[in-house]
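Q: Below is input-v7.cif; it holds mmCIF, C-alpha atoms.
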data_entry
loop_
_atom_site.label_atom_id
_atom_site.label_comp_id
_atom_site.auth_asym_id
_atom_site.auth_seq_id
_atom_site.Cartn_x
_atom_site.Cartn_y
_atom_site.Cartn_z
CA MET A 156 -12.21 -68.98 38.16
CA ILE A 157 -9.51 -66.55 37.02
CA ASN A 158 -9.62 -64.79 40.41
CA THR A 159 -9.02 -68.15 42.12
CA LYS A 160 -6.16 -69.04 39.78
CA ILE A 161 -4.43 -65.68 40.27
CA THR A 162 -4.81 -66.02 44.05
CA GLN A 163 -3.33 -69.54 43.92
CA GLU A 164 -0.36 -68.38 41.85
CA VAL A 165 0.38 -65.48 44.20
CA ASN A 166 0.04 -67.72 47.29
CA ASN A 167 2.30 -70.34 45.69
CA ASP A 168 4.86 -67.65 44.95
CA ILE A 169 4.71 -66.41 48.57
CA CYS A 170 5.34 -70.00 49.75
CA ARG A 171 8.29 -70.29 47.36
CA GLN A 172 9.67 -66.97 48.63
CA SER A 173 9.54 -68.18 52.24
CA MET A 174 11.21 -71.47 51.22
CA ARG A 175 13.99 -69.54 49.46
CA GLN A 176 14.59 -67.45 52.55
CA ARG A 177 15.07 -70.61 54.56
CA ASN A 178 17.25 -72.33 51.89
CA PRO A 179 19.18 -69.61 50.01
CA PRO A 180 21.34 -72.04 47.96
CA HIS A 181 18.22 -73.31 46.17
CA LEU A 182 17.29 -69.97 44.56
CA ARG A 183 15.91 -70.47 41.08
CA PRO A 184 15.11 -67.24 39.17
CA THR A 185 13.24 -69.20 36.51
CA HIS A 186 10.43 -69.66 39.06
CA ASP A 187 9.91 -65.89 39.11
CA ARG A 188 9.65 -65.76 35.34
CA ASN A 189 7.26 -68.72 35.27
CA VAL A 190 4.99 -67.15 37.90
CA ASN A 191 5.00 -63.82 36.08
CA ASP A 192 4.22 -65.55 32.79
CA ARG A 193 1.37 -67.55 34.30
CA ILE A 194 -0.10 -64.44 35.98
CA ASN A 195 0.28 -62.55 32.71
CA SER A 196 -1.57 -65.28 30.78
CA LEU A 197 -4.37 -65.22 33.39
CA MET A 198 -4.62 -61.44 33.02
CA ILE A 199 -4.84 -61.78 29.24
CA ALA A 200 -7.57 -64.42 29.69
CA TYR A 201 -9.42 -62.04 32.01
CA HIS A 202 -9.26 -59.22 29.46
CA LEU A 203 -10.51 -61.58 26.74
CA LEU A 204 -13.43 -62.61 28.94
CA CYS A 205 -14.25 -58.95 29.60
CA GLU A 206 -14.25 -58.25 25.87
CA ALA A 207 -16.53 -61.23 25.30
CA VAL A 208 -18.92 -59.94 27.99
CA GLY A 209 -18.84 -56.49 26.38
CA GLN A 210 -19.66 -57.95 22.98
CA ALA A 211 -22.46 -60.06 24.45
CA CYS A 212 -23.83 -56.95 26.14
CA ASP A 213 -23.77 -55.03 22.86
CA PHE A 214 -25.32 -57.92 20.93
CA TYR A 215 -28.12 -58.63 23.41
CA SER A 216 -28.89 -55.08 24.60
CA ASP A 217 -31.87 -54.62 22.24
CA LEU A 218 -33.20 -58.06 23.12
CA LEU A 219 -32.85 -57.25 26.84
CA LEU A 220 -34.75 -53.99 26.37
CA ALA A 221 -37.56 -55.70 24.44
CA SER A 222 -37.93 -58.60 26.87
CA ILE A 223 -37.81 -56.37 29.97
CA PHE A 224 -40.31 -53.91 28.49
CA ARG A 225 -42.62 -56.76 27.46
CA SER A 226 -42.37 -58.26 30.94
CA PHE A 227 -43.15 -54.87 32.51
CA LEU A 228 -46.26 -54.41 30.36
CA TYR A 229 -47.38 -57.99 30.86
CA ILE A 230 -47.00 -57.89 34.65
CA THR A 231 -48.86 -54.57 34.90
CA SER A 232 -51.75 -55.68 32.68
CA SER A 233 -51.88 -59.13 34.24
CA LEU A 234 -52.13 -57.72 37.77
CA TYR A 235 -54.83 -55.31 36.59
CA PHE A 236 -56.88 -58.14 35.09
CA LEU A 237 -56.26 -60.18 38.23
CA PHE A 238 -57.87 -57.36 40.21
CA LEU A 239 -60.85 -57.37 37.81
CA TYR A 240 -61.28 -61.15 38.03
CA ILE A 241 -61.07 -61.02 41.83
CA SER A 242 -63.81 -58.38 41.92
CA MET A 243 -65.94 -60.60 39.60
CA LYS A 244 -65.02 -63.70 41.67
CA ASP A 245 -64.15 -65.71 38.56
CA VAL A 246 -61.82 -68.47 39.82
CA ILE A 247 -60.32 -69.99 36.63
CA PRO A 248 -59.05 -66.68 35.16
CA ILE A 249 -57.69 -65.73 38.60
CA ILE A 250 -55.55 -68.88 38.72
CA SER A 251 -54.46 -68.38 35.11
CA GLU A 252 -53.39 -64.76 35.71
CA ILE A 253 -51.50 -65.71 38.88
CA VAL A 254 -49.60 -68.48 37.07
CA TRP A 255 -48.66 -66.27 34.08
CA THR A 256 -47.70 -63.34 36.28
CA LEU A 257 -45.47 -65.50 38.47
CA SER A 258 -43.82 -67.12 35.44
CA THR A 259 -43.09 -63.69 33.92
CA ILE A 260 -41.69 -62.44 37.24
CA CYS A 261 -39.48 -65.55 37.48
CA PHE A 262 -38.23 -64.99 33.91
CA LEU A 263 -37.42 -61.36 34.70
CA CYS A 264 -35.64 -62.28 37.94
CA MET A 265 -33.57 -64.92 36.12
CA VAL A 266 -32.45 -62.45 33.41
CA VAL A 267 -31.60 -59.73 35.93
CA SER A 268 -29.91 -62.13 38.35
CA SER A 269 -27.61 -63.65 35.72
CA SER A 270 -26.65 -60.19 34.42
CA SER A 271 -25.95 -58.96 37.96
CA ASP A 272 -23.89 -62.06 38.82
CA VAL A 273 -21.62 -61.52 35.80
CA THR A 274 -21.14 -57.85 36.73
CA GLN A 275 -20.45 -58.69 40.39
CA ALA A 276 -17.90 -61.38 39.47
CA ALA A 277 -16.07 -58.90 37.24
CA TYR A 278 -15.91 -56.27 40.00
CA GLU A 279 -14.72 -58.80 42.60
CA THR A 280 -11.46 -59.05 40.69
CA ASN A 281 -10.57 -55.48 41.76
CA THR A 282 -10.92 -56.46 45.42
CA VAL A 283 -8.93 -59.67 45.00
CA ILE A 284 -6.03 -57.97 43.19
CA CYS A 285 -6.03 -55.05 45.64
CA LYS A 286 -5.72 -57.46 48.59
CA MET A 287 -2.85 -59.30 46.89
CA THR A 288 -0.88 -56.11 46.22
CA THR A 289 -0.98 -55.28 49.93
CA THR A 290 0.00 -58.80 51.02
CA LYS A 291 3.43 -59.14 52.60
CA ASN A 292 6.15 -61.29 51.02
CA VAL A 293 4.98 -60.75 47.42
CA ASN A 294 8.09 -60.28 45.29
CA PRO A 295 8.52 -56.78 43.84
CA GLY A 296 8.22 -57.89 40.20
CA LEU A 297 4.94 -59.64 40.84
CA ARG A 298 3.65 -56.72 42.93
CA LYS A 299 4.44 -54.34 40.06
CA GLN A 300 2.62 -56.63 37.63
CA LEU A 301 -0.43 -56.83 39.94
CA ASN A 302 -0.46 -53.03 40.37
CA SER A 303 -0.38 -52.60 36.59
CA PHE A 304 -3.30 -55.02 36.26
CA LEU A 305 -5.20 -53.15 38.98
CA LEU A 306 -4.76 -49.89 37.07
CA GLN A 307 -6.16 -51.54 33.94
CA LEU A 308 -9.15 -52.83 35.91
CA THR A 309 -10.07 -49.37 37.21
CA LYS A 310 -10.60 -48.22 33.62
CA LYS A 311 -13.01 -51.05 32.83
CA HIS A 312 -16.74 -50.83 33.56
CA PHE A 313 -18.89 -53.93 33.27
CA GLU A 314 -22.64 -53.69 33.33
CA PHE A 315 -25.31 -55.04 31.07
CA SER A 316 -27.59 -52.34 29.74
CA ALA A 317 -30.91 -52.42 27.91
CA ALA A 318 -29.92 -50.60 24.72
CA GLY A 319 -28.29 -47.88 26.84
CA PHE A 320 -31.57 -46.82 28.51
CA PHE A 321 -30.84 -48.38 31.90
CA HIS A 322 -28.50 -50.87 33.55
CA VAL A 323 -29.78 -54.39 34.11
CA ASN A 324 -29.17 -55.06 37.80
CA ARG A 325 -31.08 -55.94 40.96
CA GLN A 326 -31.83 -52.29 41.76
CA MET A 327 -33.70 -52.14 38.47
CA LEU A 328 -36.14 -54.76 39.81
CA THR A 329 -37.10 -52.59 42.78
CA SER A 330 -37.59 -49.55 40.51
CA MET A 331 -39.67 -51.66 38.16
CA ALA A 332 -41.80 -53.03 41.02
CA ALA A 333 -42.48 -49.48 42.22
CA THR A 334 -43.47 -48.38 38.71
CA VAL A 335 -45.77 -51.39 38.28
CA ALA A 336 -47.43 -50.64 41.64
CA THR A 337 -47.93 -46.96 40.71
CA ASN A 338 -49.43 -47.80 37.31
CA LEU A 339 -51.64 -50.44 38.88
CA VAL A 340 -53.00 -47.98 41.43
CA ILE A 341 -53.81 -45.50 38.65
CA LEU A 342 -55.56 -48.15 36.54
CA ILE A 343 -57.57 -49.42 39.52
CA GLN A 344 -58.63 -45.86 40.38
CA PHE A 345 -59.94 -45.41 36.84
CA GLN A 346 -61.87 -48.66 37.22
CA ILE A 347 -63.37 -47.69 40.59
CA HIS A 348 -64.25 -44.10 39.56
CA PRO A 349 -64.91 -44.30 35.79
CA ASN A 350 -67.18 -41.21 35.60
CA GLN A 351 -65.03 -38.71 37.50
CA GLY A 352 -63.55 -37.33 34.27
CA ASP A 353 -67.04 -36.34 32.95
#
I'd like the structure from this file rewritten - as structure tokens, please.
A:
Amino acid sequence: MINTKITQEVNNDICRQSMRQRNPPHLRPTHDRNVNDRINSLMIAYHLLCEAVGQACDFYSDLLLASIFRSFLYITSSLYFLFLYISMKDVIPIISEIVWTLSTICFLCMVVSSSSDVTQAAYETNTVICKMTTTKNVNPGLRKQLNSFLLQLTKKHFEFSAAGFFHVNRQMLTSMAATVATNLVILIQFQIHPNQGD
């Protein structure tokens, strides 16, 4: 929302600049100050939102780690028992395991997706501001303000983490799926060849 508002303010200012060039007697410098003030208040709001996201990340990082680890263990064990029930051809436990596994996967995808969306929205601001600083007809004062904001953004890093062990993003899901598959193969091999260790 802040990205959209900043873009609107800059576009409105560009329109005002072109109007002033056509009608020089109607120059009003207070417009420049108003635009700069509005952009500045949007930047402050953005920084406040970033701080709130950072605090939420710190507050929920242990909870994220616990829920992701629990989901990982549950999915691995559930798929293992699903394999056992399929080999025993027991229908009711098969359906039960499929339902619980799918619900856990959906929960995990929802947590990861919402975390990734917040991170992606925060990083999109860099692109939006960068495009606006290179746009023609932006007044020098506003361009300087946008460049200053862009410099501040390059120092910020937004990503949810699970107690600092790993970042919660969509790439984590593929790594987790590979780990679950590897563990599952190992468990199934122990089930198929139980006496090889003797």
Q: In terms of the shortest atom-to-atom distance over only C-alpha atoms, which of A:Trp255, A:Met287, A:Met156, A:Tyr278 is closest to Thr231 of chain A?
A: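 That would be A:Trp255, the residue with the smallest distance to Thr231 of chain A.
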Q: Please evaluate the PyMOL selection byres ((chain A and resi 303) around 12) against the displayed coordinates and give the resulting residues as a PyMOL selection string.
A: chain A and resi 194-195+198+281+284-285+288+296-302+304-310
Q: Those same residues - C-alpha atoms - I'd like them written as a PDB file, in the coordinates of the input.
A:
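File selection22.pdb, as written:
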ATOM      1  CA  ILE A 194      -0.100 -64.440  35.980  1.00  0.00           C
ATOM      2  CA  ASN A 195       0.280 -62.550  32.710  1.00  0.00           C
ATOM      3  CA  MET A 198      -4.620 -61.440  33.020  1.00  0.00           C
ATOM      4  CA  ASN A 281     -10.570 -55.480  41.760  1.00  0.00           C
ATOM      5  CA  ILE A 284      -6.030 -57.970  43.190  1.00  0.00           C
ATOM      6  CA  CYS A 285      -6.030 -55.050  45.640  1.00  0.00           C
ATOM      7  CA  THR A 288      -0.880 -56.110  46.220  1.00  0.00           C
ATOM      8  CA  GLY A 296       8.220 -57.890  40.200  1.00  0.00           C
ATOM      9  CA  LEU A 297       4.940 -59.640  40.840  1.00  0.00           C
ATOM     10  CA  ARG A 298       3.650 -56.720  42.930  1.00  0.00           C
ATOM     11  CA  LYS A 299       4.440 -54.340  40.060  1.00  0.00           C
ATOM     12  CA  GLN A 300       2.620 -56.630  37.630  1.00  0.00           C
ATOM     13  CA  LEU A 301      -0.430 -56.830  39.940  1.00  0.00           C
ATOM     14  CA  ASN A 302      -0.460 -53.030  40.370  1.00  0.00           C
ATOM     15  CA  PHE A 304      -3.300 -55.020  36.260  1.00  0.00           C
ATOM     16  CA  LEU A 305      -5.200 -53.150  38.980  1.00  0.00           C
ATOM     17  CA  LEU A 306      -4.760 -49.890  37.070  1.00  0.00           C
ATOM     18  CA  GLN A 307      -6.160 -51.540  33.940  1.00  0.00           C
ATOM     19  CA  LEU A 308      -9.150 -52.830  35.910  1.00  0.00           C
ATOM     20  CA  THR A 309     -10.070 -49.370  37.210  1.00  0.00           C
ATOM     21  CA  LYS A 310     -10.600 -48.220  33.620  1.00  0.00           C
TER      22      LYS A 310
END
Q: Which one of A:Asn324, A:Ser216, A:Gln163, A:Ser258 sits closest to Ser233 of chain A if you count only C-alpha atoms?
A: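 So, comparing all the options, the nearest one is A:Ser258.
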Q: Grab the atom CA of Ala332 of chain A to atom CA of Leu239 of chain A distance for me, in Å with one decimal place.
A: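 Atom CA of Leu239 of chain A lies 19.8 Å from atom CA of Ala332 of chain A.
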Q: Under the rule that only C-alpha atoms are counted, which of A:Lys160, A:Ala336, A:Leu218, A:Lys311 is the nearest residue to Ser196 of chain A?
A: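 Checking each of A:Lys160, A:Ala336, A:Leu218, A:Lys311 against Ser196 of chain A, counting only C-alpha atoms, the winner is A:Lys160.
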Q: Atom CA of Ser269 of chain A to atom CA of Phe224 of chain A: how many Å, to one decimal?
A: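 Atom-to-atom, atom CA of Ser269 of chain A and atom CA of Phe224 of chain A are spaced 17.6 Å apart.
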Q: So which residues fall inside 12 Å of (-14.4, -57.6, 25.6) if we count only C-alpha atoms? Mind giving them as a CSV table (one decimal) with C-alpha atoms, keeping the file's coordinate frame?
A:
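Dumped everything to result.csv:
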chain,number,residue,atom,x,y,z
A,199,ILE,CA,-4.8,-61.8,29.2
A,200,ALA,CA,-7.6,-64.4,29.7
A,201,TYR,CA,-9.4,-62.0,32.0
A,202,HIS,CA,-9.3,-59.2,29.5
A,203,LEU,CA,-10.5,-61.6,26.7
A,204,LEU,CA,-13.4,-62.6,28.9
A,205,CYS,CA,-14.2,-59.0,29.6
A,206,GLU,CA,-14.2,-58.2,25.9
A,207,ALA,CA,-16.5,-61.2,25.3
A,208,VAL,CA,-18.9,-59.9,28.0
A,209,GLY,CA,-18.8,-56.5,26.4
A,210,GLN,CA,-19.7,-58.0,23.0
A,211,ALA,CA,-22.5,-60.1,24.4
A,212,CYS,CA,-23.8,-57.0,26.1
A,213,ASP,CA,-23.8,-55.0,22.9
A,214,PHE,CA,-25.3,-57.9,20.9
A,277,ALA,CA,-16.1,-58.9,37.2
A,311,LYS,CA,-13.0,-51.0,32.8
A,312,HIS,CA,-16.7,-50.8,33.6
A,313,PHE,CA,-18.9,-53.9,33.3
A,314,GLU,CA,-22.6,-53.7,33.3
Q: Could you state the separation of atom CA of Thr259 of chain A and atom CA of Asp272 of chain A in Å, given to one decimal place?
A: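 Atom-to-atom, atom CA of Thr259 of chain A to atom CA of Asp272 of chain A, that is 19.9 Å.
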